[in-house]
Amino acid sequence: EGAAYRNLARSVRALGTDVKVTTEDRFHLGSDTKAMTATLAGMLVDEGKLTWTTTVGEILGPALKAAGLPTLKPEFGAITLEQLLSHTSGIPSDTEELYNLYVGTSEYDMSMAARRLAIIADWGSKNTPKVPAANPFQYANLGYMTVGAIVETAAGEPWESLITRRIFDALQLKTAGLGPQVTPGRLDAASGHLVDDDGKVTPMP
């Protein structure tokens, strides 16, 4: 424990700065929300609002139509909740195309729920999921974004509200939150860092 505190005392919030990390700093936990999203899905299965064999098309098809978004390819629409949760849906790990969808500027023009649907419609109307013959597992962020959209559509409540109310609040996780841990323009928490192929480390506040 003493060594941990000594290391903390030497740590900074961003490489190249002298702003110290504190025990009160927020840290980004990233894909931990996948387990929480899966828990929300399980709750809705228990409540009879979803089943493990519910398909993407059953839940999101009407929502996409109502929003005037493109229709999903049949193979995407046939993916089940269980396949999404287990990363065996045929949706690939992140590609350049998917990354460009994630980091677009349309989030400034729509709610997060609407943005999730738009990303799913964009990729799912143009691409056919492919399950590799050797091993069906492909770690898919888009797959869990799709679970989030299914959960919020079935529950009639945004994912952000559901995870806050049914996970954070229920477990009394008083410091849990959503979004970047660092306030734009301020180094008020520990920053994430990007390590490129050459080993260069760049703060990503």
# chains A, B, ... in the order shown; residues from 1 in each chain; ligands from 1
>>> select_by_dssp(residues="segment 15-172 of chain A", states="alpha helix (DSSP H)", output="mmCIF file with N, CA and C atoms, in the first residue's frame")
data_model
loop_
_atom_site.group_PDB
_atom_site.id
_atom_site.type_symbol
_atom_site.label_atom_id
_atom_site.label_comp_id
_atom_site.auth_asym_id
_atom_site.auth_seq_id
_atom_site.Cartn_x
_atom_site.Cartn_y
_atom_site.Cartn_z
ATOM 1 N N ASP A 32 -15.795 -1.414 -19.482
ATOM 2 C CA ASP A 32 -16.526 -1.952 -18.324
ATOM 3 C C ASP A 32 -18.027 -1.781 -18.510
ATOM 4 N N THR A 33 -18.430 -0.784 -19.272
ATOM 5 C CA THR A 33 -19.864 -0.580 -19.491
ATOM 6 C C THR A 33 -20.489 -1.691 -20.325
ATOM 7 N N LYS A 34 -19.679 -2.499 -21.007
ATOM 8 C CA LYS A 34 -20.248 -3.635 -21.732
ATOM 9 C C LYS A 34 -20.900 -4.615 -20.753
ATOM 10 N N ALA A 35 -20.207 -4.918 -19.650
ATOM 11 C CA ALA A 35 -20.794 -5.816 -18.648
ATOM 12 C C ALA A 35 -22.055 -5.202 -18.054
ATOM 13 N N MET A 36 -22.042 -3.888 -17.863
ATOM 14 C CA MET A 36 -23.211 -3.212 -17.299
ATOM 15 C C MET A 36 -24.366 -3.211 -18.297
ATOM 16 N N THR A 37 -24.054 -3.014 -19.578
ATOM 17 C CA THR A 37 -25.083 -3.055 -20.618
ATOM 18 C C THR A 37 -25.681 -4.453 -20.721
ATOM 19 N N ALA A 38 -24.825 -5.476 -20.603
ATOM 20 C CA ALA A 38 -25.317 -6.855 -20.602
ATOM 21 C C ALA A 38 -26.233 -7.104 -19.409
ATOM 22 N N THR A 39 -25.898 -6.498 -18.269
ATOM 23 C CA THR A 39 -26.756 -6.624 -17.084
ATOM 24 C C THR A 39 -28.122 -5.994 -17.330
ATOM 25 N N LEU A 40 -28.133 -4.826 -17.953
ATOM 26 C CA LEU A 40 -29.410 -4.185 -18.301
ATOM 27 C C LEU A 40 -30.227 -5.080 -19.223
ATOM 28 N N ALA A 41 -29.556 -5.685 -20.202
ATOM 29 C CA ALA A 41 -30.259 -6.587 -21.121
ATOM 30 C C ALA A 41 -30.856 -7.761 -20.353
ATOM 31 N N GLY A 42 -30.083 -8.322 -19.410
ATOM 32 C CA GLY A 42 -30.588 -9.427 -18.591
ATOM 33 C C GLY A 42 -31.786 -9.029 -17.757
ATOM 34 N N MET A 43 -31.770 -7.808 -17.235
ATOM 35 C CA MET A 43 -32.917 -7.313 -16.467
ATOM 36 C C MET A 43 -34.177 -7.279 -17.333
ATOM 37 N N LEU A 44 -34.010 -6.811 -18.583
ATOM 38 C CA LEU A 44 -35.167 -6.720 -19.472
ATOM 39 C C LEU A 44 -35.639 -8.105 -19.909
ATOM 40 N N VAL A 45 -34.715 -9.055 -20.007
ATOM 41 C CA VAL A 45 -35.123 -10.441 -20.277
ATOM 42 C C VAL A 45 -35.947 -10.959 -19.103
ATOM 43 N N ASP A 46 -35.475 -10.713 -17.877
ATOM 44 C CA ASP A 46 -36.213 -11.139 -16.680
ATOM 45 C C ASP A 46 -37.604 -10.524 -16.630
ATOM 46 N N VAL A 56 -32.239 -8.140 -33.784
ATOM 47 C CA VAL A 56 -32.042 -6.704 -34.021
ATOM 48 C C VAL A 56 -33.229 -6.136 -34.786
ATOM 49 N N GLY A 57 -33.651 -6.852 -35.815
ATOM 50 C CA GLY A 57 -34.743 -6.357 -36.651
ATOM 51 C C GLY A 57 -36.053 -6.212 -35.915
ATOM 52 N N GLU A 58 -36.354 -7.149 -35.006
ATOM 53 C CA GLU A 58 -37.606 -7.090 -34.246
ATOM 54 C C GLU A 58 -37.734 -5.789 -33.477
ATOM 55 N N ILE A 59 -36.635 -5.374 -32.836
ATOM 56 C CA ILE A 59 -36.681 -4.194 -31.969
ATOM 57 C C ILE A 59 -36.328 -2.917 -32.721
ATOM 58 N N LEU A 60 -35.251 -2.962 -33.486
ATOM 59 C CA LEU A 60 -34.774 -1.726 -34.112
ATOM 60 C C LEU A 60 -35.386 -1.453 -35.475
ATOM 61 N N GLY A 61 -35.931 -2.484 -36.128
ATOM 62 C CA GLY A 61 -36.552 -2.262 -37.429
ATOM 63 C C GLY A 61 -37.605 -1.163 -37.399
ATOM 64 N N PRO A 62 -38.616 -1.256 -36.514
ATOM 65 C CA PRO A 62 -39.625 -0.200 -36.436
ATOM 66 C C PRO A 62 -39.043 1.155 -36.031
ATOM 67 N N ALA A 63 -38.051 1.152 -35.144
ATOM 68 C CA ALA A 63 -37.446 2.412 -34.696
ATOM 69 C C ALA A 63 -36.714 3.094 -35.852
ATOM 70 N N LEU A 64 -36.000 2.314 -36.657
ATOM 71 C CA LEU A 64 -35.293 2.878 -37.809
ATOM 72 C C LEU A 64 -36.284 3.442 -38.828
ATOM 73 N N LYS A 65 -37.360 2.709 -39.061
ATOM 74 C CA LYS A 65 -38.383 3.168 -40.011
ATOM 75 C C LYS A 65 -39.013 4.471 -39.544
ATOM 76 N N ALA A 66 -39.321 4.531 -38.242
ATOM 77 C CA ALA A 66 -39.943 5.740 -37.690
ATOM 78 C C ALA A 66 -39.013 6.945 -37.790
ATOM 79 N N PRO A 74 -30.829 -7.954 -44.285
ATOM 80 C CA PRO A 74 -31.508 -9.036 -43.567
ATOM 81 C C PRO A 74 -30.597 -9.791 -42.601
ATOM 82 N N GLU A 75 -29.335 -9.994 -42.993
ATOM 83 C CA GLU A 75 -28.404 -10.730 -42.134
ATOM 84 C C GLU A 75 -28.127 -9.975 -40.829
ATOM 85 N N PHE A 76 -28.095 -8.647 -40.896
ATOM 86 C CA PHE A 76 -27.903 -7.839 -39.686
ATOM 87 C C PHE A 76 -29.174 -7.889 -38.838
ATOM 88 N N GLY A 77 -30.312 -7.753 -39.486
ATOM 89 C CA GLY A 77 -31.577 -7.785 -38.756
ATOM 90 C C GLY A 77 -31.834 -9.098 -38.051
ATOM 91 N N LEU A 81 -29.898 -11.147 -29.704
ATOM 92 C CA LEU A 81 -29.320 -10.486 -28.539
ATOM 93 C C LEU A 81 -28.168 -11.320 -27.968
ATOM 94 N N GLU A 82 -28.354 -12.622 -27.882
ATOM 95 C CA GLU A 82 -27.303 -13.492 -27.360
ATOM 96 C C GLU A 82 -26.030 -13.405 -28.201
ATOM 97 N N GLN A 83 -26.166 -13.359 -29.508
ATOM 98 C CA GLN A 83 -24.999 -13.249 -30.381
ATOM 99 C C GLN A 83 -24.272 -11.916 -30.175
ATOM 100 N N LEU A 84 -25.043 -10.853 -30.023
ATOM 101 C CA LEU A 84 -24.429 -9.550 -29.776
ATOM 102 C C LEU A 84 -23.650 -9.553 -28.468
ATOM 103 N N LEU A 85 -24.261 -10.083 -27.421
ATOM 104 C CA LEU A 85 -23.641 -10.070 -26.099
ATOM 105 C C LEU A 85 -22.380 -10.925 -26.043
ATOM 106 N N GLU A 96 -11.713 0.898 -40.100
ATOM 107 C CA GLU A 96 -11.597 2.335 -40.381
ATOM 108 C C GLU A 96 -12.975 2.933 -40.649
ATOM 109 N N GLU A 97 -13.821 2.195 -41.358
ATOM 110 C CA GLU A 97 -15.176 2.679 -41.645
ATOM 111 C C GLU A 97 -15.956 2.913 -40.355
ATOM 112 N N LEU A 98 -15.887 1.953 -39.436
ATOM 113 C CA LEU A 98 -16.603 2.092 -38.169
ATOM 114 C C LEU A 98 -16.031 3.235 -37.339
ATOM 115 N N TYR A 99 -14.712 3.325 -37.292
ATOM 116 C CA TYR A 99 -14.085 4.402 -36.518
ATOM 117 C C TYR A 99 -14.557 5.761 -37.029
ATOM 118 N N ASN A 100 -14.623 5.916 -38.335
ATOM 119 C CA ASN A 100 -15.069 7.192 -38.899
ATOM 120 C C ASN A 100 -16.526 7.487 -38.540
ATOM 121 N N LEU A 101 -17.344 6.442 -38.394
ATOM 122 C CA LEU A 101 -18.721 6.653 -37.949
ATOM 123 C C LEU A 101 -18.754 7.095 -36.486
ATOM 124 N N TYR A 102 -17.912 6.486 -35.664
ATOM 125 C CA TYR A 102 -17.896 6.812 -34.235
ATOM 126 C C TYR A 102 -17.494 8.264 -33.982
ATOM 127 N N MET A 112 -27.958 11.217 -28.135
ATOM 128 C CA MET A 112 -27.108 10.036 -28.225
ATOM 129 C C MET A 112 -27.898 8.828 -28.719
ATOM 130 N N ALA A 113 -29.148 8.702 -28.292
ATOM 131 C CA ALA A 113 -29.982 7.579 -28.749
ATOM 132 C C ALA A 113 -30.180 7.649 -30.261
ATOM 133 N N ALA A 114 -30.460 8.840 -30.781
ATOM 134 C CA ALA A 114 -30.645 9.009 -32.224
ATOM 135 C C ALA A 114 -29.342 8.752 -32.970
ATOM 136 N N ARG A 115 -28.240 9.173 -32.383
ATOM 137 C CA ARG A 115 -26.924 8.952 -33.014
ATOM 138 C C ARG A 115 -26.598 7.460 -33.080
ATOM 139 N N ARG A 116 -26.897 6.722 -32.003
ATOM 140 C CA ARG A 116 -26.657 5.274 -32.029
ATOM 141 C C ARG A 116 -27.434 4.629 -33.177
ATOM 142 N N LEU A 117 -28.715 4.993 -33.291
ATOM 143 C CA LEU A 117 -29.528 4.434 -34.370
ATOM 144 C C LEU A 117 -28.963 4.789 -35.742
ATOM 145 N N ALA A 118 -28.496 6.021 -35.891
ATOM 146 C CA ALA A 118 -27.964 6.463 -37.182
ATOM 147 C C ALA A 118 -26.708 5.684 -37.556
ATOM 148 N N ILE A 119 -25.827 5.437 -36.588
ATOM 149 C CA ILE A 119 -24.601 4.681 -36.853
ATOM 150 C C ILE A 119 -24.939 3.240 -37.219
ATOM 151 N N ILE A 120 -25.852 2.640 -36.468
ATOM 152 C CA ILE A 120 -26.273 1.258 -36.739
ATOM 153 C C ILE A 120 -26.883 1.154 -38.136
ATOM 154 N N ALA A 121 -27.750 2.116 -38.482
ATOM 155 C CA ALA A 121 -28.394 2.111 -39.802
ATOM 156 C C ALA A 121 -27.373 2.302 -40.914
ATOM 157 N N ASP A 122 -26.435 3.195 -40.701
ATOM 158 C CA ASP A 122 -25.423 3.481 -41.721
ATOM 159 C C ASP A 122 -24.613 2.224 -42.031
ATOM 160 N N TRP A 123 -24.085 1.577 -40.992
ATOM 161 C CA TRP A 123 -23.254 0.389 -41.224
ATOM 162 C C TRP A 123 -24.111 -0.812 -41.623
ATOM 163 N N GLY A 124 -25.213 -1.002 -40.921
ATOM 164 C CA GLY A 124 -26.019 -2.195 -41.122
ATOM 165 C C GLY A 124 -26.791 -2.235 -42.423
ATOM 166 N N ASN A 141 -17.356 -3.468 -30.857
ATOM 167 C CA ASN A 141 -17.950 -2.316 -30.188
ATOM 168 C C ASN A 141 -19.311 -1.977 -30.788
ATOM 169 N N LEU A 142 -19.430 -2.089 -32.121
ATOM 170 C CA LEU A 142 -20.723 -1.813 -32.752
ATOM 171 C C LEU A 142 -21.784 -2.790 -32.255
ATOM 172 N N GLY A 143 -21.380 -4.016 -31.957
ATOM 173 C CA GLY A 143 -22.331 -4.989 -31.423
ATOM 174 C C GLY A 143 -22.933 -4.516 -30.113
ATOM 175 N N TYR A 144 -22.095 -3.973 -29.226
ATOM 176 C CA TYR A 144 -22.615 -3.502 -27.941
ATOM 177 C C TYR A 144 -23.334 -2.170 -28.067
ATOM 178 N N MET A 145 -22.964 -1.347 -29.058
ATOM 179 C CA MET A 145 -23.763 -0.151 -29.326
ATOM 180 C C MET A 145 -25.166 -0.578 -29.745
ATOM 181 N N THR A 146 -25.238 -1.655 -30.509
ATOM 182 C CA THR A 146 -26.535 -2.179 -30.946
ATOM 183 C C THR A 146 -27.325 -2.712 -29.763
ATOM 184 N N VAL A 147 -26.656 -3.400 -28.825
ATOM 185 C CA VAL A 147 -27.337 -3.840 -27.600
ATOM 186 C C VAL A 147 -27.895 -2.629 -26.851
ATOM 187 N N GLY A 148 -27.091 -1.576 -26.733
ATOM 188 C CA GLY A 148 -27.564 -0.369 -26.049
ATOM 189 C C GLY A 148 -28.813 0.196 -26.687
ATOM 190 N N ALA A 149 -28.833 0.212 -28.031
ATOM 191 C CA ALA A 149 -30.011 0.718 -28.747
ATOM 192 C C ALA A 149 -31.215 -0.191 -28.544
ATOM 193 N N ILE A 150 -30.983 -1.499 -28.531
ATOM 194 C CA ILE A 150 -32.077 -2.449 -28.283
ATOM 195 C C ILE A 150 -32.646 -2.249 -26.882
ATOM 196 N N VAL A 151 -31.762 -2.146 -25.914
ATOM 197 C CA VAL A 151 -32.185 -1.998 -24.514
ATOM 198 C C VAL A 151 -33.009 -0.731 -24.337
ATOM 199 N N GLU A 152 -32.520 0.387 -24.856
ATOM 200 C CA GLU A 152 -33.245 1.640 -24.628
ATOM 201 C C GLU A 152 -34.563 1.672 -25.405
ATOM 202 N N THR A 153 -34.605 1.034 -26.571
ATOM 203 C CA THR A 153 -35.848 0.981 -27.339
ATOM 204 C C THR A 153 -36.882 0.117 -26.628
ATOM 205 N N ALA A 154 -36.436 -1.054 -26.128
ATOM 206 C CA ALA A 154 -37.359 -1.954 -25.429
ATOM 207 C C ALA A 154 -37.846 -1.364 -24.118
ATOM 208 N N ALA A 155 -36.981 -0.602 -23.442
ATOM 209 C CA ALA A 155 -37.335 -0.031 -22.140
ATOM 210 C C ALA A 155 -38.069 1.299 -22.269
ATOM 211 N N TRP A 159 -30.359 4.838 -22.821
ATOM 212 C CA TRP A 159 -29.331 4.002 -22.186
ATOM 213 C C TRP A 159 -28.639 4.741 -21.051
ATOM 214 N N GLU A 160 -28.317 6.032 -21.270
ATOM 215 C CA GLU A 160 -27.617 6.808 -20.238
ATOM 216 C C GLU A 160 -28.437 6.880 -18.957
ATOM 217 N N SER A 161 -29.747 7.060 -19.105
ATOM 218 C CA SER A 161 -30.637 7.114 -17.943
ATOM 219 C C SER A 161 -30.760 5.745 -17.284
ATOM 220 N N LEU A 162 -30.884 4.688 -18.099
ATOM 221 C CA LEU A 162 -31.025 3.338 -17.563
ATOM 222 C C LEU A 162 -29.804 2.914 -16.765
ATOM 223 N N ILE A 163 -28.613 3.147 -17.317
ATOM 224 C CA ILE A 163 -27.406 2.686 -16.641
ATOM 225 C C ILE A 163 -27.150 3.492 -15.370
#
>>> residues_around(residues="Val182 of chain A", least_positions_apart="5", cutoff="7 Å", atoms="only C-alpha atoms", output="list in words")
Leu187, Asp188, Ala189, Ala190, Ser191 and Pro205 of chain A
>>> residues_around(residues="segment 133-137 of chain A", least_positions_apart="2", cutoff="12 Å", atoms="only C-alpha atoms", output="ChimeraX atom specification")
/A:83-93,129-131,139-140,143
>>> write_last_selection(atoms="C-alpha atoms", output="CSV table (one decimal), in the first residue's frame")
chain,number,residue,atom,x,y,z
A,83,GLN,CA,-25.0,-13.2,-30.4
A,84,LEU,CA,-24.4,-9.5,-29.8
A,85,LEU,CA,-23.6,-10.1,-26.1
A,86,SER,CA,-21.2,-12.9,-26.9
A,87,HIS,CA,-19.4,-11.1,-29.7
A,88,THR,CA,-20.4,-13.9,-32.2
A,89,SER,CA,-22.8,-11.9,-34.4
A,90,GLY,CA,-20.5,-11.5,-37.4
A,91,ILE,CA,-20.1,-7.8,-36.8
A,92,PRO,CA,-16.3,-7.2,-37.1
A,93,SER,CA,-13.9,-5.6,-34.6
A,129,PRO,CA,-22.1,-9.4,-40.9
A,130,LYS,CA,-19.7,-12.4,-41.5
A,131,VAL,CA,-19.1,-15.1,-38.9
A,139,TYR,CA,-14.8,-8.2,-30.3
A,140,ALA,CA,-17.3,-5.8,-31.6
A,143,GLY,CA,-22.3,-5.0,-31.4
>>> closest_residue(among="A:Leu171, A:Ala176, A:Val195, A:Leu72", to="Ser125 of chain A", atoms="only C-alpha atoms")
A:Leu72
>>> atom_distance(atom1="atom CA of Arg26 of chain A", atom2="atom CA of Gln181 of chain A")
5.7 Å
>>> atom_distance(atom1="atom CA of Leu50 of chain A", atom2="atom CA of Pro158 of chain A")
16.0 Å
>>> select_by_dssp(residues="chain A", states="strand (DSSP E)", output="list in words")
Gly192, His193, Leu194, Val195, Val201, Thr202, Pro203 and Met204 of chain A
>>> write_last_selection(atoms="C-alpha atoms", output="mmCIF file, in the first residue's frame")
data_model
loop_
_atom_site.group_PDB
_atom_site.id
_atom_site.type_symbol
_atom_site.label_atom_id
_atom_site.label_comp_id
_atom_site.auth_asym_id
_atom_site.auth_seq_id
_atom_site.Cartn_x
_atom_site.Cartn_y
_atom_site.Cartn_z
ATOM 1 C CA GLY A 192 -6.056 9.082 -21.211
ATOM 2 C CA HIS A 193 -3.009 8.618 -23.429
ATOM 3 C CA LEU A 194 -2.530 7.314 -26.964
ATOM 4 C CA VAL A 195 0.476 5.089 -27.719
ATOM 5 C CA VAL A 201 2.824 8.560 -25.974
ATOM 6 C CA THR A 202 0.418 11.484 -26.446
ATOM 7 C CA PRO A 203 -2.084 12.746 -23.824
ATOM 8 C CA MET A 204 -5.703 12.573 -25.055
#
>>> atom_distance(atom1="atom CA of Thr128 of chain A", atom2="atom CA of Lys73 of chain A")
6.6 Å
>>> residues_around(residues="Ser11 of chain A", least_positions_apart="5", cutoff="12 Å", atoms="only C-alpha atoms", output="ChimeraX atom specification")
/A:4-6,16-23,25,189-191
>>> decode(residues="segment 160-172 of chain A", atoms="all heavy atoms", output="short mmCIF file (atom, residue, chain, number, x, y, z; two decimals), in the first residue's frame")
data_model
loop_
_atom_site.label_atom_id
_atom_site.label_comp_id
_atom_site.auth_asym_id
_atom_site.auth_seq_id
_atom_site.Cartn_x
_atom_site.Cartn_y
_atom_site.Cartn_z
N GLU A 160 -28.32 6.03 -21.27
CA GLU A 160 -27.62 6.81 -20.24
C GLU A 160 -28.44 6.88 -18.96
O GLU A 160 -27.90 6.79 -17.85
CB GLU A 160 -27.32 8.23 -20.75
CG GLU A 160 -26.24 8.30 -21.82
CD GLU A 160 -26.75 7.98 -23.22
OE1 GLU A 160 -27.98 7.74 -23.39
OE2 GLU A 160 -25.93 7.97 -24.16
N SER A 161 -29.75 7.06 -19.10
CA SER A 161 -30.64 7.11 -17.94
C SER A 161 -30.76 5.75 -17.28
O SER A 161 -30.71 5.62 -16.06
CB SER A 161 -32.01 7.62 -18.38
OG SER A 161 -32.94 7.53 -17.33
N LEU A 162 -30.88 4.69 -18.10
CA LEU A 162 -31.02 3.34 -17.56
C LEU A 162 -29.80 2.91 -16.77
O LEU A 162 -29.92 2.38 -15.66
CB LEU A 162 -31.24 2.34 -18.71
CG LEU A 162 -32.64 2.31 -19.34
CD1 LEU A 162 -32.60 1.53 -20.65
CD2 LEU A 162 -33.64 1.69 -18.37
N ILE A 163 -28.61 3.15 -17.32
CA ILE A 163 -27.41 2.69 -16.64
C ILE A 163 -27.15 3.49 -15.37
O ILE A 163 -26.66 2.97 -14.37
CB ILE A 163 -26.18 2.72 -17.59
CG1 ILE A 163 -25.09 1.78 -17.07
CG2 ILE A 163 -25.65 4.11 -17.79
CD1 ILE A 163 -24.00 1.50 -18.08
N THR A 164 -27.54 4.76 -15.39
CA THR A 164 -27.38 5.58 -14.18
C THR A 164 -28.36 5.14 -13.11
O THR A 164 -27.98 4.93 -11.95
CB THR A 164 -27.60 7.07 -14.52
OG1 THR A 164 -26.62 7.47 -15.49
CG2 THR A 164 -27.47 7.93 -13.28
N ARG A 165 -29.62 4.97 -13.49
CA ARG A 165 -30.66 4.65 -12.51
C ARG A 165 -30.57 3.21 -12.00
O ARG A 165 -30.68 2.96 -10.80
CB ARG A 165 -32.04 4.92 -13.14
CG ARG A 165 -33.22 4.69 -12.21
CD ARG A 165 -34.51 5.15 -12.85
NE ARG A 165 -34.84 4.43 -14.06
CZ ARG A 165 -35.44 3.23 -14.07
NH1 ARG A 165 -35.76 2.64 -12.94
NH2 ARG A 165 -35.74 2.65 -15.22
N ARG A 166 -30.38 2.27 -12.95
CA ARG A 166 -30.48 0.86 -12.59
C ARG A 166 -29.15 0.20 -12.21
O ARG A 166 -29.15 -0.90 -11.66
CB ARG A 166 -31.15 0.08 -13.72
CG ARG A 166 -32.54 0.62 -14.07
CD ARG A 166 -33.38 -0.36 -14.82
NE ARG A 166 -33.73 -1.52 -14.02
CZ ARG A 166 -34.63 -2.44 -14.40
NH1 ARG A 166 -35.25 -2.31 -15.56
NH2 ARG A 166 -34.90 -3.47 -13.64
N ILE A 167 -28.02 0.86 -12.52
CA ILE A 167 -26.71 0.32 -12.15
C ILE A 167 -26.01 1.24 -11.15
O ILE A 167 -25.80 0.88 -10.00
CB ILE A 167 -25.82 0.08 -13.39
CG1 ILE A 167 -26.52 -0.80 -14.41
CG2 ILE A 167 -24.47 -0.50 -12.95
CD1 ILE A 167 -26.69 -2.25 -14.01
N PHE A 168 -25.67 2.46 -11.59
CA PHE A 168 -24.91 3.36 -10.71
C PHE A 168 -25.67 3.65 -9.41
O PHE A 168 -25.13 3.48 -8.31
CB PHE A 168 -24.62 4.69 -11.42
CG PHE A 168 -23.77 4.59 -12.65
CD1 PHE A 168 -23.69 5.66 -13.52
CD2 PHE A 168 -23.07 3.43 -12.96
CE1 PHE A 168 -22.92 5.60 -14.68
CE2 PHE A 168 -22.30 3.35 -14.11
CZ PHE A 168 -22.22 4.44 -14.97
N ASP A 169 -26.92 4.12 -9.54
CA ASP A 169 -27.69 4.48 -8.34
C ASP A 169 -28.03 3.25 -7.50
O ASP A 169 -27.92 3.28 -6.27
CB ASP A 169 -28.97 5.21 -8.73
CG ASP A 169 -28.71 6.59 -9.33
OD1 ASP A 169 -27.55 7.06 -9.27
OD2 ASP A 169 -29.65 7.18 -9.88
N ALA A 170 -28.42 2.17 -8.16
CA ALA A 170 -28.82 0.96 -7.43
C ALA A 170 -27.67 0.39 -6.62
O ALA A 170 -27.86 -0.13 -5.52
CB ALA A 170 -29.36 -0.09 -8.40
N LEU A 171 -26.44 0.49 -7.14
CA LEU A 171 -25.26 -0.03 -6.44
C LEU A 171 -24.56 1.05 -5.62
O LEU A 171 -23.49 0.80 -5.05
CB LEU A 171 -24.28 -0.63 -7.45
CG LEU A 171 -24.79 -1.86 -8.21
CD1 LEU A 171 -23.77 -2.30 -9.25
CD2 LEU A 171 -25.11 -2.99 -7.25
N GLN A 172 -25.17 2.24 -5.57
CA GLN A 172 -24.62 3.37 -4.82
C GLN A 172 -23.19 3.70 -5.26
O GLN A 172 -22.30 3.95 -4.45
CB GLN A 172 -24.68 3.10 -3.32
CG GLN A 172 -26.10 2.93 -2.81
CD GLN A 172 -26.19 2.71 -1.32
OE1 GLN A 172 -25.26 3.00 -0.56
NE2 GLN A 172 -27.33 2.22 -0.87
#
